$ cat coords26.txt   # compact mmCIF, C-alpha atoms
# COMPACT_ATOMS: atom_id res chain seq x y z
CA MET L 1 13.07 27.82 -19.02
CA SER L 2 16.78 28.19 -18.41
CA HIS L 3 17.41 30.13 -15.21
CA SER L 4 18.60 27.15 -13.22
CA ALA L 5 21.25 29.01 -11.24
CA GLN L 6 18.66 31.53 -10.13
CA ARG L 7 16.37 28.65 -9.16
CA GLN L 8 19.08 27.02 -7.08
CA ASP L 9 19.43 30.25 -5.12
CA ALA L 10 15.72 30.52 -4.59
CA ALA L 11 15.64 26.89 -3.47
CA ALA L 12 18.17 27.51 -0.75
CA GLN L 13 16.19 30.41 0.68
CA ILE L 14 12.61 29.24 0.85
CA GLU L 15 11.29 28.29 4.25
CA LEU L 16 8.10 26.29 4.18
CA ASP L 17 5.83 27.91 6.72
CA TYR L 18 2.24 27.03 7.52
CA THR L 19 0.82 29.25 4.75
CA TYR L 20 2.95 27.51 2.09
CA HIS L 21 1.73 24.14 3.32
CA ARG L 22 -1.90 25.31 3.15
CA ILE L 23 -1.44 26.58 -0.40
CA ILE L 24 0.14 23.28 -1.47
CA ALA L 25 -2.69 21.31 0.15
CA LEU L 26 -5.35 23.35 -1.67
CA LEU L 27 -3.59 22.98 -5.02
CA ARG L 28 -3.13 19.25 -4.47
CA ALA L 29 -6.88 18.89 -4.11
CA ASP L 30 -7.59 21.11 -7.14
CA GLY L 31 -4.74 22.32 -9.29
CA ARG L 32 -6.99 24.74 -11.20
CA LEU L 33 -8.34 26.50 -8.10
CA PRO L 34 -8.32 30.24 -8.90
CA TYR L 35 -5.89 32.46 -6.99
CA ARG L 36 -8.91 34.41 -5.79
CA SER L 37 -10.44 31.33 -4.14
CA ILE L 38 -7.14 30.38 -2.47
CA ALA L 39 -6.83 33.94 -1.16
CA ARG L 40 -10.36 33.89 0.24
CA GLU L 41 -9.84 30.48 1.85
CA LEU L 42 -6.62 31.54 3.59
CA GLY L 43 -7.53 35.16 4.34
CA LEU L 44 -4.76 36.55 2.15
CA THR L 45 -4.71 38.96 -0.78
CA GLU L 46 -4.70 37.55 -4.29
CA ALA L 47 -1.34 39.23 -4.94
CA THR L 48 0.21 37.48 -1.94
CA VAL L 49 -1.05 34.10 -3.12
CA ARG L 50 0.28 34.71 -6.64
CA ALA L 51 3.68 35.67 -5.26
CA ARG L 52 3.78 32.66 -2.96
CA VAL L 53 2.83 30.19 -5.71
CA ARG L 54 5.49 31.72 -7.95
CA ARG L 55 8.01 31.35 -5.12
CA LEU L 56 7.13 27.67 -4.65
CA GLU L 57 7.61 27.11 -8.38
CA GLU L 58 10.85 29.06 -8.69
CA SER L 59 12.39 27.25 -5.73
CA ARG L 60 11.50 23.91 -7.38
CA THR L 61 9.50 22.98 -4.32
CA MET L 62 6.13 22.55 -6.02
CA ARG L 63 4.65 22.43 -9.47
CA VAL L 64 1.06 22.30 -10.55
CA VAL L 65 0.69 19.92 -13.47
CA ALA L 66 -1.69 17.70 -15.36
CA VAL L 67 -1.14 14.01 -14.72
CA THR L 68 -2.43 11.87 -17.57
CA ASP L 69 -4.07 8.52 -17.01
CA ILE L 70 -1.86 5.93 -18.70
CA GLU L 71 -4.84 4.24 -20.26
CA ALA L 72 -6.17 7.51 -21.67
CA ALA L 73 -2.68 8.09 -23.09
CA GLY L 74 -2.99 4.81 -24.97
CA TYR L 75 -1.01 2.48 -22.73
CA GLY L 76 -2.84 -0.73 -21.90
CA MET L 77 -0.15 -2.36 -19.77
CA LEU L 78 1.74 -1.40 -16.62
CA LEU L 79 4.64 -3.46 -15.32
CA ALA L 80 7.00 -3.45 -12.38
CA ILE L 81 10.32 -4.94 -13.43
CA GLY L 82 13.30 -5.96 -11.31
CA VAL L 83 16.59 -5.55 -13.15
CA GLN L 84 19.81 -7.39 -12.30
CA VAL L 85 22.95 -5.67 -13.55
CA GLU L 86 26.41 -7.06 -14.33
CA ASN L 87 29.69 -5.52 -15.50
CA ARG L 88 28.36 -1.97 -15.28
CA SER L 89 27.34 0.34 -12.48
CA PRO L 90 23.61 0.19 -11.65
CA GLU L 91 23.56 4.02 -11.67
CA GLU L 92 24.68 4.08 -15.29
CA VAL L 93 22.11 1.51 -16.36
CA ALA L 94 19.49 3.48 -14.38
CA ARG L 95 20.29 6.65 -16.30
CA GLU L 96 20.07 4.86 -19.64
CA LEU L 97 16.73 3.30 -18.66
CA ALA L 98 15.48 6.71 -17.53
CA ALA L 99 15.87 7.92 -21.12
CA VAL L 100 13.23 5.44 -22.33
CA PRO L 101 9.89 7.33 -22.33
CA GLU L 102 7.82 4.24 -21.44
CA VAL L 103 9.99 3.67 -18.36
CA PHE L 104 8.37 6.20 -16.03
CA SER L 105 10.03 5.32 -12.74
CA VAL L 106 13.59 4.17 -12.09
CA ASN L 107 15.08 3.33 -8.72
CA VAL L 108 18.43 1.95 -7.70
CA VAL L 109 17.77 -0.54 -4.90
CA VAL L 110 19.63 -2.91 -2.62
CA GLY L 111 18.69 -6.57 -2.45
CA ALA L 112 18.16 -9.37 -4.94
CA GLN L 113 17.55 -6.82 -7.69
CA ASP L 114 19.78 -3.88 -8.56
CA LEU L 115 17.06 -1.69 -10.07
CA GLU L 116 13.29 -1.52 -9.80
CA ILE L 117 11.51 0.16 -12.68
CA LEU L 118 7.90 0.89 -13.60
CA MET L 119 7.05 0.76 -17.26
CA VAL L 120 4.05 1.09 -19.56
CA ALA L 121 3.40 -0.42 -22.98
CA GLU L 122 0.63 0.01 -25.53
CA ASP L 123 -0.05 -3.69 -25.93
CA GLN L 124 1.57 -7.10 -25.75
CA ALA L 125 3.47 -6.72 -29.04
CA ALA L 126 4.84 -3.31 -28.04
CA LEU L 127 5.79 -4.73 -24.66
CA HIS L 128 7.70 -7.59 -26.26
CA ARG L 129 9.59 -5.17 -28.52
CA LEU L 130 10.46 -2.85 -25.64
CA LEU L 131 11.69 -5.64 -23.41
CA GLN L 132 13.59 -7.61 -26.02
CA GLU L 133 14.93 -4.93 -28.33
CA ARG L 134 15.37 -1.97 -26.04
CA ILE L 135 15.90 -3.07 -22.46
CA ALA L 136 17.26 -6.63 -22.44
CA THR L 137 19.96 -5.63 -24.94
CA MET L 138 21.10 -2.61 -22.92
CA ALA L 139 24.72 -2.84 -21.77
CA GLY L 140 24.91 -4.15 -18.21
CA VAL L 141 21.40 -5.63 -18.11
CA ARG L 142 21.68 -9.24 -17.00
CA ARG L 143 18.16 -10.39 -16.13
CA LEU L 144 14.72 -8.85 -16.12
CA THR L 145 12.10 -10.06 -13.65
CA PRO L 146 8.82 -8.52 -14.78
CA SER L 147 5.48 -8.44 -13.07
CA LEU L 148 2.27 -7.28 -14.71
CA ALA L 149 -0.20 -5.03 -12.90
CA VAL L 150 -3.70 -6.39 -13.51
CA ASN L 151 -5.49 -3.94 -11.23
CA VAL L 152 -4.05 -0.69 -9.93
CA LEU L 153 -6.03 0.41 -6.87
CA LYS L 154 -3.96 3.44 -6.06
CA ASN L 155 -1.31 5.47 -7.82
CA GLN L 156 -0.81 8.92 -6.36
CA PRO L 157 2.83 9.52 -5.68
CA ASP L 158 2.85 13.03 -4.25
CA TRP L 159 6.59 12.72 -3.85
CA VAL L 160 8.69 12.76 -6.99
CA PRO L 161 12.25 13.81 -7.70
CA PHE L 162 12.40 16.93 -9.89
CA HIS L 163 15.97 16.51 -11.03
CA GLU L 164 15.40 14.27 -14.03
CA GLY L 165 12.81 13.14 -16.53
CA GLU L 166 10.88 16.37 -16.31
CA ALA L 167 9.29 18.30 -19.10
CA LEU L 168 11.21 21.53 -18.61
CA MET K 1 -9.15 -2.37 -20.22
CA SER K 2 -12.18 -0.06 -20.35
CA GLY K 3 -12.77 1.57 -23.73
CA GLY K 4 -13.52 5.16 -24.70
CA ARG K 5 -10.96 6.67 -22.40
CA ARG K 6 -8.42 7.64 -25.00
CA LEU K 7 -7.56 11.26 -25.72
CA ASP K 8 -7.84 12.74 -29.19
CA GLU K 9 -5.28 15.02 -30.82
CA VAL K 10 -6.69 18.31 -29.46
CA ASP K 11 -6.93 16.78 -25.97
CA ARG K 12 -3.31 15.71 -26.20
CA GLN K 13 -2.16 19.19 -27.21
CA ILE K 14 -4.00 20.74 -24.28
CA VAL K 15 -2.61 18.13 -21.88
CA ALA K 16 0.92 18.62 -23.21
CA ARG K 17 0.65 22.28 -22.26
CA LEU K 18 -0.93 21.55 -18.87
CA SER K 19 1.60 18.88 -17.98
CA GLU K 20 4.31 21.55 -17.98
CA ASP K 21 2.36 24.17 -16.08
CA ALA K 22 -1.28 23.74 -15.19
CA ARG K 23 -1.68 27.27 -13.78
CA ILE K 24 -1.70 28.63 -17.32
CA SER K 25 -5.06 30.19 -18.28
CA ASN K 26 -7.53 28.61 -20.69
CA ARG K 27 -7.26 31.79 -22.75
CA GLN K 28 -3.52 31.37 -23.20
CA ILE K 29 -3.79 27.69 -24.17
CA ALA K 30 -6.56 28.60 -26.63
CA ALA K 31 -4.42 31.31 -28.21
CA GLU K 32 -1.44 28.97 -28.55
CA LEU K 33 -3.46 26.15 -30.10
CA GLY K 34 -5.72 28.33 -32.25
CA VAL K 35 -8.98 27.11 -30.70
CA THR K 36 -11.60 28.96 -28.66
CA GLU K 37 -11.34 29.43 -24.91
CA GLY K 38 -14.67 27.59 -24.56
CA THR K 39 -13.21 24.54 -26.30
CA VAL K 40 -10.28 24.44 -23.90
CA ARG K 41 -12.49 24.92 -20.84
CA ALA K 42 -14.97 22.23 -21.91
CA ARG K 43 -12.25 19.71 -22.74
CA VAL K 44 -10.30 20.25 -19.52
CA LYS K 45 -13.52 19.85 -17.57
CA ARG K 46 -14.43 16.66 -19.44
CA MET K 47 -10.98 15.13 -19.10
CA GLU K 48 -11.02 15.77 -15.36
CA ALA K 49 -14.57 14.47 -14.96
CA GLU K 50 -13.74 11.28 -16.86
CA LYS K 51 -10.50 10.82 -14.90
CA GLN K 52 -8.38 11.02 -18.02
CA ILE K 53 -6.30 13.68 -16.32
CA ARG K 54 -5.84 14.96 -12.81
CA ILE K 55 -4.57 18.48 -12.21
CA THR K 56 -2.65 18.62 -8.99
CA ALA K 57 0.29 20.03 -7.10
CA ILE K 58 3.32 17.78 -6.94
CA THR K 59 6.14 18.46 -4.56
CA ASN K 60 9.83 17.82 -4.84
CA ILE K 61 10.75 15.07 -2.41
CA ASP K 62 14.22 16.54 -1.94
CA ARG K 63 12.65 19.61 -0.31
CA PHE K 64 10.57 17.89 2.32
CA ARG K 65 12.19 15.00 4.07
CA GLN K 66 15.02 12.60 3.73
CA GLY K 67 13.28 9.66 2.21
CA ALA K 68 13.78 6.49 0.25
CA LEU K 69 11.27 4.57 -1.79
CA ALA K 70 10.35 1.17 -0.44
CA TRP K 71 8.89 -1.58 -2.59
CA ILE K 72 6.79 -4.02 -0.59
CA TRP K 73 5.82 -7.25 -2.34
CA ILE K 74 2.96 -9.02 -0.63
CA GLU K 75 1.91 -12.64 -0.93
CA VAL K 76 -1.49 -13.74 0.36
CA GLU K 77 -2.51 -17.03 1.96
CA ARG K 78 -5.18 -17.86 -0.60
CA SER K 79 -5.50 -16.30 -4.03
CA HIS K 80 -9.13 -15.26 -3.49
CA GLN K 81 -7.91 -12.89 -0.75
CA ILE K 82 -5.87 -10.73 -3.12
CA GLN K 83 -8.59 -8.16 -3.79
CA ASP K 84 -9.55 -7.73 -0.14
CA VAL K 85 -5.95 -7.31 0.96
CA ALA K 86 -5.28 -4.86 -1.89
CA ARG K 87 -8.36 -2.81 -0.90
CA GLU K 88 -7.16 -2.65 2.71
CA LEU K 89 -3.74 -1.53 1.57
CA ALA K 90 -5.20 1.19 -0.66
CA LEU K 91 -6.68 2.79 2.46
CA ILE K 92 -3.23 3.35 3.98
CA SER K 93 -2.43 6.97 3.23
CA GLU K 94 1.34 6.46 3.28
CA LEU K 95 1.16 4.11 0.29
CA GLY K 96 1.51 5.90 -3.04
CA PHE K 97 0.98 2.81 -5.18
CA VAL K 98 -1.02 -0.36 -4.68
CA GLY K 99 -1.45 -2.86 -7.49
CA GLU K 100 -2.60 -6.43 -7.92
CA MET K 101 0.19 -8.13 -9.83
CA LEU K 102 0.84 -11.24 -11.90
CA GLY K 103 4.23 -12.85 -11.65
CA ARG K 104 6.63 -11.94 -8.89
CA SER K 105 4.08 -11.73 -6.10
CA ASP K 106 0.39 -11.02 -5.56
CA ILE K 107 0.45 -7.33 -4.63
CA LEU K 108 2.96 -4.51 -4.95
CA ALA K 109 2.79 -1.53 -2.58
CA ILE K 110 5.16 1.41 -2.74
CA THR K 111 5.79 3.92 -0.01
CA MET K 112 8.34 6.48 1.13
CA VAL K 113 10.28 5.73 4.32
CA ARG K 114 13.01 7.43 6.32
CA SER K 115 15.21 4.38 6.92
CA ASN K 116 15.46 0.62 7.02
CA GLU K 117 14.16 0.69 10.61
CA HIS K 118 11.20 2.82 9.56
CA LEU K 119 10.44 0.38 6.74
CA ALA K 120 10.54 -2.63 9.09
CA GLU K 121 8.27 -0.83 11.54
CA PHE K 122 5.82 0.21 8.81
CA VAL K 123 5.56 -3.31 7.38
CA HIS K 124 5.20 -4.88 10.80
CA GLN K 125 2.60 -2.46 12.12
CA ARG K 126 0.56 -1.66 9.03
CA VAL K 127 0.91 -4.48 6.50
CA SER K 128 1.69 -7.85 8.10
CA GLY K 129 -1.38 -7.75 10.33
CA ILE K 130 -3.90 -7.45 7.47
CA PRO K 131 -5.93 -10.70 7.37
CA GLY K 132 -4.75 -12.87 4.47
CA VAL K 133 -1.19 -11.57 4.28
CA ARG K 134 1.14 -14.60 4.22
CA ARG K 135 4.53 -12.98 3.74
CA THR K 136 6.11 -9.76 2.56
CA GLU K 137 9.39 -8.95 0.90
CA SER K 138 10.69 -5.39 0.95
CA THR K 139 13.31 -3.58 -1.04
CA LEU K 140 14.71 -0.20 -0.13
CA GLY K 141 15.63 2.28 -2.82
CA VAL K 142 18.96 4.05 -2.56
CA ASN K 143 18.63 6.40 -5.52
CA PHE K 144 15.37 7.68 -6.99
CA VAL K 145 16.61 8.35 -10.53
CA LYS K 146 13.40 9.08 -12.38
CA HIS K 147 9.70 9.44 -11.89
CA ASP K 148 7.72 10.91 -14.73
CA TYR K 149 4.86 12.60 -12.88
CA ARG K 150 2.97 13.00 -16.14
CA MET K 151 2.01 9.32 -16.06
CA ALA K 152 -0.19 7.59 -13.52
CA ARG K 153 -3.17 5.32 -13.28
CA ILE K 154 -5.93 7.68 -12.21
CA VAL K 155 -8.33 5.76 -10.03
CA SER K 156 -9.90 8.25 -7.65

$ encode --input "coords26.txt" --output "structure tokens"
Amino acid sequence: MSHSAQRQDAAAQIELDYTYHRIIALLRADGRLPYRSIARELGLTEATVRARVRRLEESRTMRVVAVTDIEAAGYGMLLAIGVQVENRSPEEVARELAAVPEVFSVNVVVGAQDLEILMVAEDQAALHRLLQERIATMAGVRRLTPSLAVNVLKNQPDWVPFHEGEAL
Amino acid sequence: MSGGRRLDEVDRQIVARLSEDARISNRQIAAELGVTEGTVRARVKRMEAEKQIRITAITNIDRFRQGALAWIWIEVERSHQIQDVARELALISELGFVGEMLGRSDILAITMVRSNEHLAEFVHQRVSGIPGVRRTESTLGVNFVKHDYRMARIVS
């Protein structure tokens, strides 16, 4: 898709009323819920629901997507890594890290660390390669402070930035 | 980790399509991949039932509220308390991530806050009081550069 200017316009105009919030809530619970069922639930016509969902998508407010379990995708390890940066702006290092597919979340932070990232790896050998050959050698990366997730009890970030790292 | 959860090639092709736009019909996916509509329907149903995928609406944080990600690292008094504390934390709806960790601390919790004050208030009122919590250390994000929504640990 390449109508980004058009999308920007649409984004500026949309006002999220109660009906939009109800539609989003229903699709959060079940992203494959038929338009017909949404319409019945909210007392609207199917055409109205279709138009509203399209509007939410075009304004880059909401998207309905499949989220894949990292284990099902073949990744056995999940890590949270603090990154200390030197001689380069943290924003620049963040953008370079964001280009690594296994690095699925990148945040510039303030505190003892300059960046906090979340990363997956297939196994220990792949993890070692990623850390040593890809990330530790990146310009500006001074020290990595990794932490391994041994049990993830919850991982449902409803909030994500749409501006980068997306499939479009 | 648990076996038998991995996707095969056809699964992956279906998921690749759904991870861009999950409102697409089974018929259209079937036509694109050259399989039957029944195959697509059955596989999507199975992948959802086995928690290999979750089909959901995600919203653009920029549209809803001014927010920053906060990383809360939690250390417990005694190591045997880690699981109980993590379970308590998982019940807090504002937390988008809760994981038992090895290394930097015992538990990592991630949430979205409005400000430093909001973060301090959240930690004080919702986290510090959980029995077993010894100390917390929080970091506030200033720029949310990337989050690939296609990846998550699907647990519920």

$ closest_residue --input "coords26.txt" --among "L:Leu26, L:Leu115, L:Ile14, L:Leu56" --to "Glu86 of chain L" --atoms "only C-alpha atoms"
L:Leu115

$ closest_atom_pairs --input "coords26.txt" --of "chain K" --to "chain L" --cutoff "7 Å" --atoms "only C-alpha atoms" --output "CSV"
residue,atom,partner,partner_atom,distance
K:Met1,CA,L:Gly76,CA,6.7
K:Arg5,CA,L:Ala72,CA,4.9
K:Arg6,CA,L:Ala72,CA,4.0
K:Leu7,CA,L:Ala72,CA,5.7
K:Val15,CA,L:Ala66,CA,6.6
K:Leu18,CA,L:Ala66,CA,5.3
K:Ser19,CA,L:Ala66,CA,4.4
K:Glu20,CA,L:Val65,CA,6.0
K:Asp21,CA,L:Val65,CA,5.3
K:Ala22,CA,L:Val65,CA,4.6
K:Arg23,CA,L:Arg32,CA,6.4
K:Gln52,CA,L:Asp69,CA,5.1
K:Ile53,CA,L:Thr68,CA,4.5
K:Arg54,CA,L:Val67,CA,5.2
K:Ile55,CA,L:Ala66,CA,4.3
K:Thr56,CA,L:Gly31,CA,4.3
K:Ala57,CA,L:Val64,CA,4.2
K:Ile58,CA,L:Arg63,CA,5.5
K:Thr59,CA,L:Met62,CA,4.3
K:Asn60,CA,L:Thr61,CA,5.2
K:Ile61,CA,L:Trp159,CA,5.0
K:Asp62,CA,L:Pro161,CA,6.7
K:Arg63,CA,L:Thr61,CA,6.1
K:Ala90,CA,L:Lys154,CA,6.0
K:Gly96,CA,L:Pro157,CA,4.7
K:Phe97,CA,L:Asn155,CA,4.4
K:Val98,CA,L:Lys154,CA,5.0
K:Gly99,CA,L:Val152,CA,4.2
K:Glu100,CA,L:Asn151,CA,5.1
K:Met101,CA,L:Ala149,CA,4.4
K:Leu102,CA,L:Leu148,CA,5.1
K:Gly103,CA,L:Ser147,CA,4.8
K:Arg104,CA,L:Ser147,CA,5.6
K:Thr139,CA,L:Gly111,CA,6.3
K:Leu140,CA,L:Val109,CA,5.7
K:Gly141,CA,L:Val109,CA,4.1
K:Val142,CA,L:Val109,CA,5.3
K:Asn143,CA,L:Val108,CA,5.0
K:Phe144,CA,L:Asn107,CA,4.7
K:Val145,CA,L:Val106,CA,5.4
K:Lys146,CA,L:Val106,CA,4.9
K:His147,CA,L:Ser105,CA,4.2
K:Asp148,CA,L:Phe104,CA,4.9
K:Tyr149,CA,L:Val67,CA,6.4
K:Arg150,CA,L:Val67,CA,4.5
K:Met151,CA,L:Thr68,CA,5.3
K:Ala152,CA,L:Asp69,CA,5.3
K:Arg153,CA,L:Asp69,CA,5.0
K:Ile154,CA,L:Asp69,CA,5.2
K:Val155,CA,L:Lys154,CA,6.3

$ residues_around --input "coords26.txt" --residues "Arg50 of chain L" --least-positions-apart "2" --cutoff "10 Å" --atoms "all atoms listed in the file" --output "count of residues only"
13

$ atom_distance --input "coords26.txt" --atom1 "atom CA of Leu108 of chain K" --atom2 "atom CA of Ile72 of chain K"
5.8 Å

$ closest_residue --input "coords26.txt" --among "K:Arg17, K:Arg12, K:Arg46, K:Arg135" --to "Val123 of chain K" --atoms "all atoms listed in the file"
K:Arg135

$ residues_around --input "coords26.txt" --residues "Ser79 of chain K" --least-positions-apart "3" --cutoff "12 Å" --atoms "all atoms listed in the file" --output "VMD selection string"
chain K and resid 74 to 76 82 to 86 100 to 102 105 to 107 132 to 134

$ decode --input "coords26.txt" --residues "segment 43-67 of chain L" --atoms "N, CA and C atoms" --output "PDB file, in the first residue's frame"
ATOM      1  N   GLY L  43     -26.238  -2.851  16.837  1.00  0.00           N
ATOM      2  CA  GLY L  43     -27.458  -2.278  16.284  1.00  0.00           C
ATOM      3  C   GLY L  43     -27.195  -1.357  15.102  1.00  0.00           C
ATOM      4  N   LEU L  44     -26.216  -1.726  14.277  1.00  0.00           N
ATOM      5  CA  LEU L  44     -25.884  -0.927  13.097  1.00  0.00           C
ATOM      6  C   LEU L  44     -26.079  -1.780  11.850  1.00  0.00           C
ATOM      7  N   THR L  45     -26.025  -1.158  10.667  1.00  0.00           N
ATOM      8  CA  THR L  45     -26.075  -1.962   9.451  1.00  0.00           C
ATOM      9  C   THR L  45     -24.675  -2.492   9.163  1.00  0.00           C
ATOM     10  N   GLU L  46     -24.630  -3.579   8.393  1.00  0.00           N
ATOM     11  CA  GLU L  46     -23.347  -4.181   8.053  1.00  0.00           C
ATOM     12  C   GLU L  46     -22.496  -3.187   7.254  1.00  0.00           C
ATOM     13  N   ALA L  47     -23.166  -2.414   6.379  1.00  0.00           N
ATOM     14  CA  ALA L  47     -22.435  -1.451   5.555  1.00  0.00           C
ATOM     15  C   ALA L  47     -21.765  -0.384   6.412  1.00  0.00           C
ATOM     16  N   THR L  48     -22.464   0.051   7.451  1.00  0.00           N
ATOM     17  CA  THR L  48     -21.896   1.055   8.365  1.00  0.00           C
ATOM     18  C   THR L  48     -20.664   0.503   9.069  1.00  0.00           C
ATOM     19  N   VAL L  49     -20.769  -0.743   9.523  1.00  0.00           N
ATOM     20  CA  VAL L  49     -19.634  -1.351  10.223  1.00  0.00           C
ATOM     21  C   VAL L  49     -18.437  -1.480   9.280  1.00  0.00           C
ATOM     22  N   ARG L  50     -18.692  -1.946   8.061  1.00  0.00           N
ATOM     23  CA  ARG L  50     -17.609  -2.065   7.076  1.00  0.00           C
ATOM     24  C   ARG L  50     -16.917  -0.728   6.858  1.00  0.00           C
ATOM     25  N   ALA L  51     -17.730   0.314   6.686  1.00  0.00           N
ATOM     26  CA  ALA L  51     -17.178   1.649   6.425  1.00  0.00           C
ATOM     27  C   ALA L  51     -16.370   2.142   7.620  1.00  0.00           C
ATOM     28  N   ARG L  52     -16.884   1.868   8.815  1.00  0.00           N
ATOM     29  CA  ARG L  52     -16.185   2.328  10.025  1.00  0.00           C
ATOM     30  C   ARG L  52     -14.854   1.598  10.218  1.00  0.00           C
ATOM     31  N   VAL L  53     -14.853   0.285   9.978  1.00  0.00           N
ATOM     32  CA  VAL L  53     -13.607  -0.483  10.119  1.00  0.00           C
ATOM     33  C   VAL L  53     -12.585   0.026   9.094  1.00  0.00           C
ATOM     34  N   ARG L  54     -13.055   0.281   7.868  1.00  0.00           N
ATOM     35  CA  ARG L  54     -12.157   0.780   6.834  1.00  0.00           C
ATOM     36  C   ARG L  54     -11.564   2.128   7.267  1.00  0.00           C
ATOM     37  N   ARG L  55     -12.403   2.957   7.872  1.00  0.00           N
ATOM     38  CA  ARG L  55     -11.987   4.278   8.321  1.00  0.00           C
ATOM     39  C   ARG L  55     -10.915   4.173   9.426  1.00  0.00           C
ATOM     40  N   LEU L  56     -11.114   3.228  10.334  1.00  0.00           N
ATOM     41  CA  LEU L  56     -10.131   3.016  11.403  1.00  0.00           C
ATOM     42  C   LEU L  56      -8.794   2.567  10.816  1.00  0.00           C
ATOM     43  N   GLU L  57      -8.872   1.742   9.764  1.00  0.00           N
ATOM     44  CA  GLU L  57      -7.643   1.249   9.144  1.00  0.00           C
ATOM     45  C   GLU L  57      -6.950   2.344   8.350  1.00  0.00           C
ATOM     46  N   GLU L  58      -7.730   3.085   7.565  1.00  0.00           N
ATOM     47  CA  GLU L  58      -7.146   4.128   6.715  1.00  0.00           C
ATOM     48  C   GLU L  58      -6.538   5.268   7.525  1.00  0.00           C
ATOM     49  N   SER L  59      -7.088   5.506   8.708  1.00  0.00           N
ATOM     50  CA  SER L  59      -6.556   6.587   9.540  1.00  0.00           C
ATOM     51  C   SER L  59      -5.385   6.099  10.407  1.00  0.00           C
ATOM     52  N   ARG L  60      -4.981   4.844  10.193  1.00  0.00           N
ATOM     53  CA  ARG L  60      -3.892   4.238  10.964  1.00  0.00           C
ATOM     54  C   ARG L  60      -4.168   4.262  12.459  1.00  0.00           C
ATOM     55  N   THR L  61      -5.428   4.114  12.798  1.00  0.00           N
ATOM     56  CA  THR L  61      -5.810   4.083  14.205  1.00  0.00           C
ATOM     57  C   THR L  61      -5.808   2.648  14.710  1.00  0.00           C
ATOM     58  N   MET L  62      -6.310   1.735  13.868  1.00  0.00           N
ATOM     59  CA  MET L  62      -6.431   0.338  14.265  1.00  0.00           C
ATOM     60  C   MET L  62      -6.103  -0.565  13.098  1.00  0.00           C
ATOM     61  N   ARG L  63      -5.561  -1.730  13.423  1.00  0.00           N
ATOM     62  CA  ARG L  63      -5.405  -2.767  12.416  1.00  0.00           C
ATOM     63  C   ARG L  63      -5.775  -4.082  13.059  1.00  0.00           C
ATOM     64  N   VAL L  64      -6.340  -4.960  12.244  1.00  0.00           N
ATOM     65  CA  VAL L  64      -6.657  -6.288  12.746  1.00  0.00           C
ATOM     66  C   VAL L  64      -5.634  -7.229  12.138  1.00  0.00           C
ATOM     67  N   VAL L  65      -4.883  -7.903  12.985  1.00  0.00           N
ATOM     68  CA  VAL L  65      -3.756  -8.703  12.509  1.00  0.00           C
ATOM     69  C   VAL L  65      -3.649 -10.022  13.262  1.00  0.00           C
ATOM     70  N   ALA L  66      -2.865 -10.920  12.693  1.00  0.00           N
ATOM     71  CA  ALA L  66      -2.533 -12.150  13.399  1.00  0.00           C
ATOM     72  C   ALA L  66      -1.219 -11.923  14.131  1.00  0.00           C
ATOM     73  N   VAL L  67      -1.223 -12.219  15.419  1.00  0.00           N
ATOM     74  CA  VAL L  67      -0.007 -12.161  16.221  1.00  0.00           C
ATOM     75  C   VAL L  67       0.460 -13.605  16.362  1.00  0.00           C
TER      76      VAL L  67
END
